[in-house]
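S.K.: entry02.cif is reproduced below (mmCIF, C-alpha atoms).
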data_upload
#
loop_
_atom_site.label_atom_id
_atom_site.label_comp_id
_atom_site.auth_asym_id
_atom_site.auth_seq_id
_atom_site.Cartn_x
_atom_site.Cartn_y
_atom_site.Cartn_z
CA MET I 26 82.96 -28.53 32.20
CA LEU I 27 82.59 -24.93 33.35
CA SER I 28 79.07 -23.99 34.38
CA ILE I 29 77.40 -20.64 33.61
CA ALA I 30 74.09 -19.82 35.29
CA LEU I 31 71.57 -17.38 33.86
CA ALA I 32 70.14 -15.16 36.60
CA GLY I 33 67.51 -12.43 36.55
CA LYS I 34 63.92 -11.58 37.22
CA PRO I 35 61.13 -13.37 35.33
CA ASN I 36 60.45 -12.32 31.74
CA ALA I 37 63.82 -10.64 31.21
CA GLY I 38 64.70 -13.10 28.47
CA LYS I 39 66.68 -15.78 30.31
CA SER I 40 64.93 -18.70 28.66
CA THR I 41 65.24 -17.05 25.25
CA PHE I 42 68.96 -16.51 25.92
CA TYR I 43 69.25 -20.16 26.93
CA THR I 44 67.39 -21.34 23.83
CA ALA I 45 69.50 -19.16 21.55
CA ALA I 46 72.76 -20.29 23.12
CA THR I 47 71.93 -24.01 23.23
CA MET I 48 69.31 -24.39 20.47
CA ALA I 49 67.38 -26.50 22.97
CA ASP I 50 63.60 -26.70 22.94
CA VAL I 51 62.34 -25.01 26.14
CA ASP I 52 59.24 -23.07 27.10
CA VAL I 53 59.47 -19.36 26.32
CA ALA I 54 56.48 -17.14 27.11
CA ASN I 55 55.58 -13.58 28.04
CA TYR I 56 54.65 -14.26 31.66
CA PRO I 57 56.54 -14.80 34.94
CA PHE I 58 57.85 -18.24 35.92
CA THR I 59 57.81 -19.81 32.48
CA THR I 60 60.71 -21.87 33.82
CA ILE I 61 59.86 -24.05 36.82
CA ASP I 62 62.39 -26.87 36.63
CA ALA I 63 65.96 -25.92 35.82
CA ASN I 64 67.11 -26.32 32.23
CA ARG I 65 70.64 -27.62 31.75
CA GLY I 66 72.28 -27.67 28.35
CA VAL I 67 75.53 -27.37 26.48
CA SER I 68 76.58 -24.09 24.92
CA TYR I 69 79.97 -22.89 23.70
CA VAL I 70 82.50 -20.13 24.06
CA ARG I 71 84.21 -18.99 20.89
CA THR I 72 87.91 -18.50 20.30
CA GLU I 73 90.35 -18.48 17.41
CA CYS I 74 91.45 -21.98 16.43
CA PRO I 75 95.21 -22.60 15.99
CA CYS I 76 94.40 -24.34 12.69
CA LEU I 77 94.37 -20.87 11.11
CA GLU I 78 98.16 -21.07 11.25
CA ARG I 79 98.15 -24.17 9.04
CA ASP I 80 97.45 -24.70 5.35
CA GLU I 81 94.31 -26.71 6.10
CA ARG I 82 91.57 -26.27 8.69
CA CYS I 83 91.27 -28.83 11.49
CA THR I 84 88.87 -31.77 11.47
CA SER I 85 86.97 -30.94 14.67
CA ASP I 86 83.19 -30.58 14.41
CA ASP I 87 83.56 -27.65 16.84
CA CYS I 88 85.64 -25.62 14.38
CA ARG I 89 83.99 -23.55 11.67
CA ASP I 90 86.73 -22.30 9.36
CA GLY I 91 88.96 -21.27 12.25
CA LYS I 92 86.20 -20.24 14.65
CA ARG I 93 86.62 -22.69 17.51
CA TYR I 94 83.70 -23.42 19.84
CA VAL I 95 84.56 -24.92 23.25
CA PRO I 96 81.72 -26.53 25.27
CA ILE I 97 80.46 -25.17 28.58
CA GLU I 98 77.37 -25.97 30.65
CA LEU I 99 74.55 -23.43 30.61
CA LEU I 100 71.92 -23.38 33.35
CA ASP I 101 68.55 -21.61 33.17
CA VAL I 102 66.37 -21.66 36.28
CA ALA I 103 63.34 -19.89 37.71
CA GLY I 104 63.50 -16.10 37.89
CA LEU I 105 64.02 -14.01 40.99
CA VAL I 106 61.48 -11.67 42.55
CA PRO I 107 61.94 -9.27 45.49
CA GLY I 108 62.29 -11.32 48.67
CA ALA I 109 63.58 -14.38 46.83
CA HIS I 110 66.09 -15.09 49.61
CA GLU I 111 63.11 -15.39 51.97
CA GLY I 112 61.50 -17.97 49.69
CA LYS I 113 59.17 -15.67 47.74
CA GLY I 114 58.34 -16.69 44.19
CA LEU I 115 60.61 -19.59 43.30
CA GLY I 116 63.60 -17.84 44.85
CA ASN I 117 65.03 -20.56 47.05
CA GLN I 118 64.88 -23.06 44.19
CA PHE I 119 66.70 -20.62 41.93
CA LEU I 120 69.32 -19.64 44.47
CA ASP I 121 70.06 -23.23 45.43
CA GLU I 122 70.70 -24.03 41.77
CA LEU I 123 73.46 -21.41 41.75
CA THR I 124 75.62 -23.39 44.15
CA ASN I 125 77.64 -25.21 41.50
CA ALA I 126 77.80 -22.40 38.93
CA ASP I 127 81.23 -20.93 38.25
CA VAL I 128 79.97 -17.59 36.94
CA ILE I 129 76.66 -15.75 36.57
CA VAL I 130 75.15 -13.98 33.57
CA ASN I 131 72.55 -11.58 34.94
CA VAL I 132 70.02 -11.17 32.14
CA ILE I 133 68.12 -7.89 32.56
CA ASP I 134 65.44 -6.25 30.44
CA ALA I 135 67.26 -3.18 29.13
CA SER I 136 64.05 -1.92 27.51
CA GLY I 137 62.42 -1.23 30.88
CA GLY I 138 59.37 -3.08 29.59
CA THR I 139 58.92 -5.31 32.67
CA ASN I 140 58.60 -4.27 36.30
CA GLU I 141 60.52 -5.67 39.27
CA LYS I 142 58.25 -8.74 39.35
CA GLY I 143 58.70 -9.43 35.65
CA GLU I 144 55.23 -8.22 34.70
CA PRO I 145 54.89 -6.42 31.34
CA VAL I 146 54.72 -2.61 31.51
CA ASP I 147 55.23 0.15 28.97
CA ILE I 148 58.71 0.15 27.47
CA GLY I 149 60.92 2.63 29.29
CA SER I 150 58.71 2.85 32.40
CA HIS I 151 60.93 0.66 34.60
CA ASP I 152 64.56 1.51 35.37
CA PRO I 153 66.71 -1.51 34.35
CA LEU I 154 69.53 -0.35 36.62
CA GLU I 155 67.40 -1.44 39.59
CA ASP I 156 67.45 -5.03 38.32
CA ILE I 157 71.23 -5.25 38.57
CA ASP I 158 71.42 -4.29 42.25
CA PHE I 159 68.34 -6.36 43.07
CA VAL I 160 69.81 -9.65 41.82
CA GLU I 161 73.14 -9.07 43.57
CA ALA I 162 71.35 -8.15 46.82
CA GLU I 163 69.14 -11.26 46.71
CA MET I 164 72.18 -13.48 46.16
CA ASP I 165 74.08 -11.80 48.99
CA MET I 166 71.21 -12.09 51.44
CA TRP I 167 70.62 -15.72 50.49
CA LEU I 168 74.25 -16.56 51.18
CA ALA I 169 74.18 -14.52 54.39
CA GLY I 170 71.30 -16.72 55.51
CA ILE I 171 73.42 -19.82 54.87
CA VAL I 172 76.30 -18.32 56.87
CA ASP I 173 73.93 -17.39 59.72
CA GLY I 174 72.42 -20.86 59.75
CA ASN I 175 75.86 -22.44 60.22
CA TRP I 176 77.41 -19.86 62.52
CA GLU I 177 76.52 -21.65 65.76
CA SER I 178 78.73 -24.51 64.58
CA VAL I 179 81.57 -22.07 63.94
CA GLU I 180 81.18 -20.68 67.46
CA ARG I 181 81.31 -24.16 68.99
CA LYS I 182 84.43 -25.08 67.04
CA SER I 183 86.10 -21.79 68.06
CA ARG I 184 86.37 -23.13 71.63
CA SER I 185 88.80 -25.81 70.45
CA PRO I 186 92.52 -25.00 71.04
CA ASP I 187 93.39 -25.93 67.46
CA PHE I 188 90.60 -23.79 65.94
CA ASP I 189 91.45 -22.30 62.54
CA LEU I 190 88.86 -19.87 61.15
CA ASP I 191 90.14 -20.19 57.57
CA GLU I 192 89.80 -23.96 57.71
CA VAL I 193 86.35 -23.98 59.35
CA LEU I 194 84.90 -21.41 56.94
CA GLY I 195 86.52 -23.22 54.03
CA GLU I 196 84.73 -26.43 55.02
CA MET I 197 81.45 -24.59 55.56
CA MET I 198 81.50 -22.82 52.19
CA SER I 199 83.12 -25.55 50.07
CA GLY I 200 79.74 -26.52 48.68
CA PHE I 201 79.34 -22.99 47.38
CA GLY I 202 82.59 -23.18 45.45
CA ALA I 203 84.79 -21.27 47.91
CA SER I 204 88.26 -22.79 48.24
CA PRO I 205 90.47 -22.42 51.34
CA THR I 206 92.54 -19.94 49.33
CA ASP I 207 89.40 -17.91 48.60
CA ILE I 208 88.48 -17.80 52.28
CA ALA I 209 91.99 -16.81 53.35
CA THR I 210 92.08 -14.00 50.79
CA ILE I 211 88.63 -12.74 51.79
CA LEU I 212 89.44 -12.71 55.50
CA ARG I 213 92.62 -10.73 54.85
CA ASP I 214 90.50 -7.98 53.31
CA LEU I 215 87.83 -7.91 56.03
CA ASP I 216 87.83 -6.18 59.41
CA TYR I 217 86.24 -8.61 61.88
CA PRO I 218 86.43 -9.69 65.58
CA GLU I 219 88.97 -12.38 66.32
CA ASP I 220 86.41 -14.34 68.36
CA PRO I 221 83.55 -15.66 66.14
CA ILE I 222 81.18 -15.29 69.10
CA GLN I 223 81.65 -11.52 68.81
CA TRP I 224 80.73 -11.39 65.11
CA THR I 225 77.66 -9.27 64.38
CA GLU I 226 75.05 -9.79 61.68
CA ASP I 227 76.79 -7.05 59.66
CA ASP I 228 80.09 -8.96 59.91
CA ARG I 229 78.47 -12.12 58.56
CA GLU I 230 76.71 -10.22 55.77
CA ALA I 231 80.02 -8.64 54.77
CA LEU I 232 81.60 -12.10 54.66
CA ALA I 233 78.74 -13.44 52.53
CA THR I 234 79.02 -10.56 50.06
CA GLU I 235 82.76 -11.04 49.66
CA ILE I 236 82.35 -14.81 49.14
CA ARG I 237 79.66 -14.25 46.51
CA GLN I 238 81.72 -11.66 44.66
CA ARG I 239 84.78 -13.90 44.60
CA THR I 240 83.13 -17.24 43.81
CA LYS I 241 80.17 -16.12 41.67
CA PRO I 242 81.37 -13.21 39.49
CA ILE I 243 78.64 -11.57 37.42
CA VAL I 244 78.45 -10.17 33.90
CA VAL I 245 75.29 -8.28 32.98
CA ALA I 246 73.52 -9.12 29.71
CA ALA I 247 71.55 -5.96 28.87
CA ASN I 248 68.90 -7.80 26.88
CA LYS I 249 66.24 -6.66 24.41
CA ILE I 250 68.47 -4.01 22.84
CA ASP I 251 66.45 -4.36 19.65
CA VAL I 252 63.52 -2.61 21.38
CA ALA I 253 65.29 -0.77 24.22
CA PRO I 254 65.58 3.03 24.28
CA GLU I 255 69.19 3.75 23.36
CA GLU I 256 69.65 5.95 26.43
CA ASN I 257 68.84 2.94 28.64
CA VAL I 258 71.63 0.91 27.11
CA GLU I 259 74.09 3.81 27.28
CA ARG I 260 73.36 4.31 30.99
CA LEU I 261 73.98 0.63 31.63
CA LEU I 262 77.28 0.75 29.75
CA GLU I 263 78.43 3.65 31.94
CA LEU I 264 78.23 1.49 35.08
CA ASP I 265 81.41 0.30 36.77
CA LYS I 266 80.39 -3.29 35.99
CA PRO I 267 80.82 -5.56 32.97
CA VAL I 268 77.73 -5.01 30.78
CA ILE I 269 77.16 -6.65 27.37
CA PRO I 270 74.29 -5.37 25.17
CA THR I 271 72.33 -8.39 23.91
CA THR I 272 69.31 -9.43 21.89
CA ALA I 273 68.61 -13.04 22.74
CA GLU I 274 65.54 -13.02 20.52
CA GLY I 275 67.69 -11.79 17.65
CA GLU I 276 70.34 -14.47 18.23
CA ARG I 277 67.70 -17.19 18.29
CA ALA I 278 66.26 -15.92 15.00
CA LEU I 279 69.71 -15.83 13.39
CA ARG I 280 70.59 -19.37 14.44
CA ASN I 281 67.28 -20.66 13.12
CA ALA I 282 67.78 -18.80 9.85
CA ALA I 283 71.32 -20.16 9.53
CA GLU I 284 70.10 -23.71 10.16
CA GLY I 285 67.47 -23.17 7.49
CA GLY I 286 70.08 -22.10 4.96
CA LEU I 287 68.71 -18.57 4.70
CA ILE I 288 71.80 -16.74 5.95
CA ASP I 289 75.52 -17.16 6.44
CA TYR I 290 76.06 -16.62 10.17
CA ASP I 291 78.09 -18.23 12.94
CA PRO I 292 77.47 -17.47 16.64
CA GLY I 293 79.57 -14.47 17.60
CA ASP I 294 79.73 -12.97 14.10
CA GLU I 295 79.10 -9.24 14.00
CA THR I 296 77.43 -9.39 10.58
CA LEU I 297 75.15 -11.67 8.60
CA GLU I 298 74.75 -12.37 4.90
CA ILE I 299 71.45 -13.34 3.34
CA THR I 300 72.17 -16.31 1.08
CA GLY I 301 68.82 -18.06 0.71
CA ASP I 302 65.44 -17.36 -0.81
CA VAL I 303 63.65 -15.20 1.78
CA SER I 304 60.26 -13.52 1.78
CA ASP I 305 59.90 -9.75 1.99
CA ALA I 306 58.94 -10.03 5.66
CA GLN I 307 61.96 -12.22 6.41
CA ARG I 308 64.26 -9.81 4.57
CA ASP I 309 62.90 -6.85 6.53
CA ALA I 310 63.40 -8.73 9.83
CA LEU I 311 66.95 -9.80 8.94
CA GLU I 312 67.91 -6.32 7.77
CA GLY I 313 66.55 -4.91 11.03
CA LEU I 314 68.68 -7.39 12.96
CA ALA I 315 71.70 -6.49 10.84
CA GLU I 316 71.20 -2.84 11.80
CA THR I 317 71.00 -3.73 15.50
CA MET I 318 74.15 -5.82 15.16
CA ALA I 319 75.96 -2.95 13.47
CA ASN I 320 75.01 -0.62 16.34
CA TRP I 321 76.13 -3.02 19.11
CA ASN I 322 78.79 -5.21 17.44
CA GLY I 323 76.61 -8.29 17.16
CA THR I 324 73.77 -9.81 19.16
CA GLY I 325 75.92 -10.01 22.31
CA VAL I 326 74.88 -13.54 23.33
CA GLN I 327 78.17 -15.13 22.35
CA GLU I 328 80.12 -12.15 23.68
CA ALA I 329 78.44 -12.47 27.10
CA LEU I 330 79.44 -16.14 27.36
CA ASN I 331 82.97 -15.38 26.15
CA TYR I 332 83.37 -12.54 28.65
CA ALA I 333 82.14 -14.75 31.50
CA VAL I 334 84.73 -17.45 30.79
CA TYR I 335 87.75 -15.68 29.32
CA ASP I 336 87.56 -12.41 31.28
CA LEU I 337 85.70 -12.94 34.56
CA LEU I 338 86.97 -16.47 35.15
CA ASP I 339 90.31 -15.69 33.45
CA HIS I 340 90.48 -18.97 31.53
CA LEU I 341 92.40 -19.97 28.42
CA THR I 342 92.06 -22.63 25.74
CA ALA I 343 94.70 -25.35 25.28
CA TYR I 344 94.84 -28.11 22.68
CA PRO I 345 96.43 -31.49 23.61
CA VAL I 346 97.78 -33.59 20.73
CA GLN I 347 99.68 -36.85 20.34
CA ASP I 348 101.60 -35.96 17.17
CA ALA I 349 103.44 -32.66 17.62
CA SER I 350 104.30 -32.29 13.93
CA LYS I 351 100.80 -32.96 12.58
CA TRP I 352 98.92 -31.50 15.59
CA SER I 353 96.81 -34.62 15.63
CA ASP I 354 95.66 -37.50 17.79
CA GLY I 355 96.56 -41.15 17.18
CA SER I 356 93.94 -41.46 14.46
CA GLY I 357 95.16 -38.45 12.50
CA ASN I 358 92.41 -36.07 13.60
CA VAL I 359 93.85 -32.53 13.66
CA LEU I 360 93.26 -30.56 16.88
CA PRO I 361 90.43 -32.86 17.99
CA ASP I 362 90.15 -31.50 21.54
CA ALA I 363 90.13 -28.13 23.25
CA PHE I 364 90.12 -27.62 27.01
CA LEU I 365 89.41 -24.57 29.16
CA LEU I 366 91.86 -24.09 32.04
CA PRO I 367 92.45 -21.27 34.56
CA ASP I 368 95.16 -18.78 33.74
CA GLY I 369 98.43 -19.97 35.29
CA SER I 370 97.78 -23.63 34.46
CA THR I 371 100.72 -25.82 33.47
CA PRO I 372 101.17 -28.81 31.12
CA VAL I 373 100.71 -31.04 34.17
CA ASP I 374 97.31 -29.43 34.80
CA LEU I 375 96.41 -30.01 31.16
CA ALA I 376 97.40 -33.67 31.44
CA TYR I 377 95.10 -34.17 34.42
CA THR I 378 92.31 -32.32 32.62
CA VAL I 379 92.57 -34.76 29.71
CA HIS I 380 92.48 -37.78 32.05
CA SER I 381 93.65 -38.52 35.57
CA ASP I 382 95.68 -41.50 34.30
CA ILE I 383 97.50 -39.24 31.83
CA GLY I 384 98.31 -36.89 34.68
CA ASP I 385 99.50 -39.68 36.97
CA GLY I 386 101.87 -40.95 34.27
CA TYR I 387 103.05 -37.50 33.16
CA LEU I 388 106.68 -37.39 31.98
CA HIS I 389 107.06 -34.16 30.03
CA ALA I 390 105.38 -31.90 27.47
CA VAL I 391 106.29 -30.51 24.05
CA ASP I 392 105.20 -27.20 22.54
CA ALA I 393 103.92 -28.36 19.13
CA ARG I 394 104.61 -25.00 17.50
CA SER I 395 108.31 -25.00 18.30
CA SER I 396 108.72 -28.79 18.75
CA ARG I 397 110.59 -27.98 21.96
CA GLU I 398 110.09 -29.49 25.37
CA VAL I 399 108.60 -27.13 27.92
CA SER I 400 109.10 -27.25 31.68
CA ASP I 401 106.52 -28.69 34.02
CA SER I 402 106.03 -25.19 35.48
CA TYR I 403 105.50 -23.52 32.09
CA GLU I 404 102.33 -21.38 32.21
CA LEU I 405 100.07 -22.17 29.31
CA GLU I 406 98.90 -19.41 26.99
CA GLU I 407 95.72 -19.04 24.95
CA GLY I 408 95.83 -21.31 21.92
CA ASP I 409 98.80 -23.44 23.03
CA VAL I 410 99.09 -26.79 21.22
CA ILE I 411 100.77 -29.23 23.60
CA LYS I 412 101.93 -32.81 23.24
CA ILE I 413 101.71 -34.65 26.56
CA VAL I 414 104.17 -37.50 27.02
CA SER I 415 102.91 -39.97 29.61
CA THR I 416 103.49 -43.55 30.68
CA ASN I 417 99.70 -44.10 30.50
#
Show me this structure written as structure tokens.
M.R.:
Amino acid sequence: MLSIALAGKPNAGKSTFYTAATMADVDVANYPFTTIDANRGVSYVRTECPCLERDERCTSDDCRDGKRYVPIELLDVAGLVPGAHEGKGLGNQFLDELTNADVIVNVIDASGGTNEKGEPVDIGSHDPLEDIDFVEAEMDMWLAGIVDGNWESVERKSRSPDFDLDEVLGEMMSGFGASPTDIATILRDLDYPEDPIQWTEDDREALATEIRQRTKPIVVAANKIDVAPEENVERLLELDKPVIPTTAEGERALRNAAEGGLIDYDPGDETLEITGDVSDAQRDALEGLAETMANWNGTGVQEALNYAVYDLLDHLTAYPVQDASKWSDGSGNVLPDAFLLPDGSTPVDLAYTVHSDIGDGYLHAVDARSSREVSDSYELEEGDVIKIVSTN
């Protein structure tokens, strides 16, 4: 399962984002370090289900009338403060938790209502743009510290006649999610001394920054848009970075209202419909949320998760089936499973994603739409329905 980590300073709305996206019961409060121990939960990315092409909707619990929700892991940990990479606040604990994350959602307070330490201030008095650079810098310096701490080992190994820098760095950074291919690509783009002994601190920092950018891409969730000055949000959207306007508090309220039968709303919808018996206060709150959603094309929580997976990580959704004509499994369940795979994946990759035994016994695959066999090297596309033929 892909893992998305929520980053940011305290009190920016990370735990509210997490609660809204997972509907889990966690502490949410208006003071720094509400979160001490990491919260791990299951959330979902949303895509269009292939069942929309059929006369009847599929039987999966993760499909809501053609809106398909595919599970991902969501991680919420302690917030960052200046100097986190040096251990200030709960920084080291937070940064260490990032190791296994595939992508980062940097939740910032777009309202400017909290300072750099996450302490409440007057709305608009803090520049939210500073929070973007601050989180990236803390992550880079933390990783640079890891590189520095292991560099003596690199220098020792460089004296060996069969020394290979790509291989050594790949081993050193494998725990951070950097593959040998990542390291080779990064080194091609860097200007550095051939002898590791000659590397300077700046060289190692440059390496750390490139590794972080490649292995931990970041999308910014400009949170609290329901109270943020509009000019703050517009300035954030002008940045040369992916920025998604969000109201985590609004999304949490909508999901609770939907569960209570008060509104018709699915995560990722850009509108809501009041369907239940609501009080005047509830109606005013829901209509205010509807106005915010109209201004920013929804609450942004689902869009941020979708962007992280489908755009930053460049993944697609594929649907394995056993019966190519009915698009079902052996029990007749239509489109029961959906898997996220990197762009460029093949039917063989899909087989191994379903189960290693299925992959080991792979024979061929059939495109269920056309009922035609596809080659082993066929590159899957978003929404492909594939029958895997295997000896296992």
S.K.: Convert the output of the PyMOL selection byres ((chain I and resi 274) around 10) on the shown file into explicit residues, formatted as a compact mmCIF listing (two decimals) with C-alpha atoms, keeping the file's coordinate frame.
M.R.:
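Just written: out.txt:
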# COMPACT_ATOMS: atom_id res chain seq x y z
CA GLY I 38 64.70 -13.10 28.47
CA SER I 40 64.93 -18.70 28.66
CA THR I 41 65.24 -17.05 25.25
CA PHE I 42 68.96 -16.51 25.92
CA THR I 44 67.39 -21.34 23.83
CA ALA I 45 69.50 -19.16 21.55
CA ASN I 248 68.90 -7.80 26.88
CA LYS I 249 66.24 -6.66 24.41
CA ILE I 250 68.47 -4.01 22.84
CA ASP I 251 66.45 -4.36 19.65
CA THR I 271 72.33 -8.39 23.91
CA THR I 272 69.31 -9.43 21.89
CA ALA I 273 68.61 -13.04 22.74
CA GLY I 275 67.69 -11.79 17.65
CA GLU I 276 70.34 -14.47 18.23
CA ARG I 277 67.70 -17.19 18.29
CA ALA I 278 66.26 -15.92 15.00
CA LEU I 279 69.71 -15.83 13.39
CA LEU I 314 68.68 -7.39 12.96
CA THR I 324 73.77 -9.81 19.16
CA VAL I 326 74.88 -13.54 23.33
S.K.: Determine the residue set returned by the PyMOL selection byres ((chain I and resi 232) around 9) for the present structure, and present it as a count of residues only.
M.R.: 15
S.K.: Here is a test: counting all atoms listed in the file, which residue of I:Pro75, I:Gly355, I:Pro292, I:Pro186 is nearest to Asn331 in chain I?
M.R.: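 Smallest separation from Asn331 in chain I among the options: I:Pro292.
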S.K.: For this structure, which residues satisfy the selection - the PyMOL selection byres ((chain I and resi 151) around 6) - when it is evaluated on the file as given? I want them as a list in words.
M.R.: Gly137, Asn140, Gly149, Ser150 and Asp152 of chain I
S.K.: Kindly save the residues from that selection, with C-alpha atoms included, as a PDB file, in the frame of the given file.
M.R.:
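Generated output (selection_34.pdb):
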ATOM      1  CA  GLY I 137      62.420  -1.230  30.880  1.00  0.00           C
ATOM      2  CA  ASN I 140      58.600  -4.270  36.300  1.00  0.00           C
ATOM      3  CA  GLY I 149      60.920   2.630  29.290  1.00  0.00           C
ATOM      4  CA  SER I 150      58.710   2.850  32.400  1.00  0.00           C
ATOM      5  CA  ASP I 152      64.560   1.510  35.370  1.00  0.00           C
TER       6      ASP I 152
END
S.K.: List as a count of residues only the residues having at least one atom at most 10 Å from position (97.5, -39.9, 21.4) as given in the file, counting all atoms listed in the file.
M.R.: 13
S.K.: From the list I:Val303, I:Ala329, I:Leu27, I:Ile288, which residue is nearest Ala315 in chain I when using all atoms listed in the file?
M.R.: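 Among I:Val303, I:Ala329, I:Leu27, I:Ile288, it is I:Ile288 that comes nearest to Ala315 in chain I.
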S.K.: Under the rule that only C-alpha atoms are counted, which of I:Tyr403, I:Tyr69, I:Tyr332, I:Trp321 is the nearest residue to Lys92 in chain I?
M.R.: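 Closest residue, counting only C-alpha atoms: I:Tyr69.
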S.K.: Using only C-alpha atoms, which of I:Ala247, I:Ala282, I:Leu338, I:Ala46 sits nearest Thr300 in chain I?
M.R.: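 Closest residue, counting only C-alpha atoms: I:Ala282.
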S.K.: Between CA of Leu375 in chain I and CA of Leu360 in chain I, what is the distance in Å, rounded to a tenth?
M.R.: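 Computing the Euclidean distance for CA of Leu375 in chain I and CA of Leu360 in chain I yields 14.6 Å.
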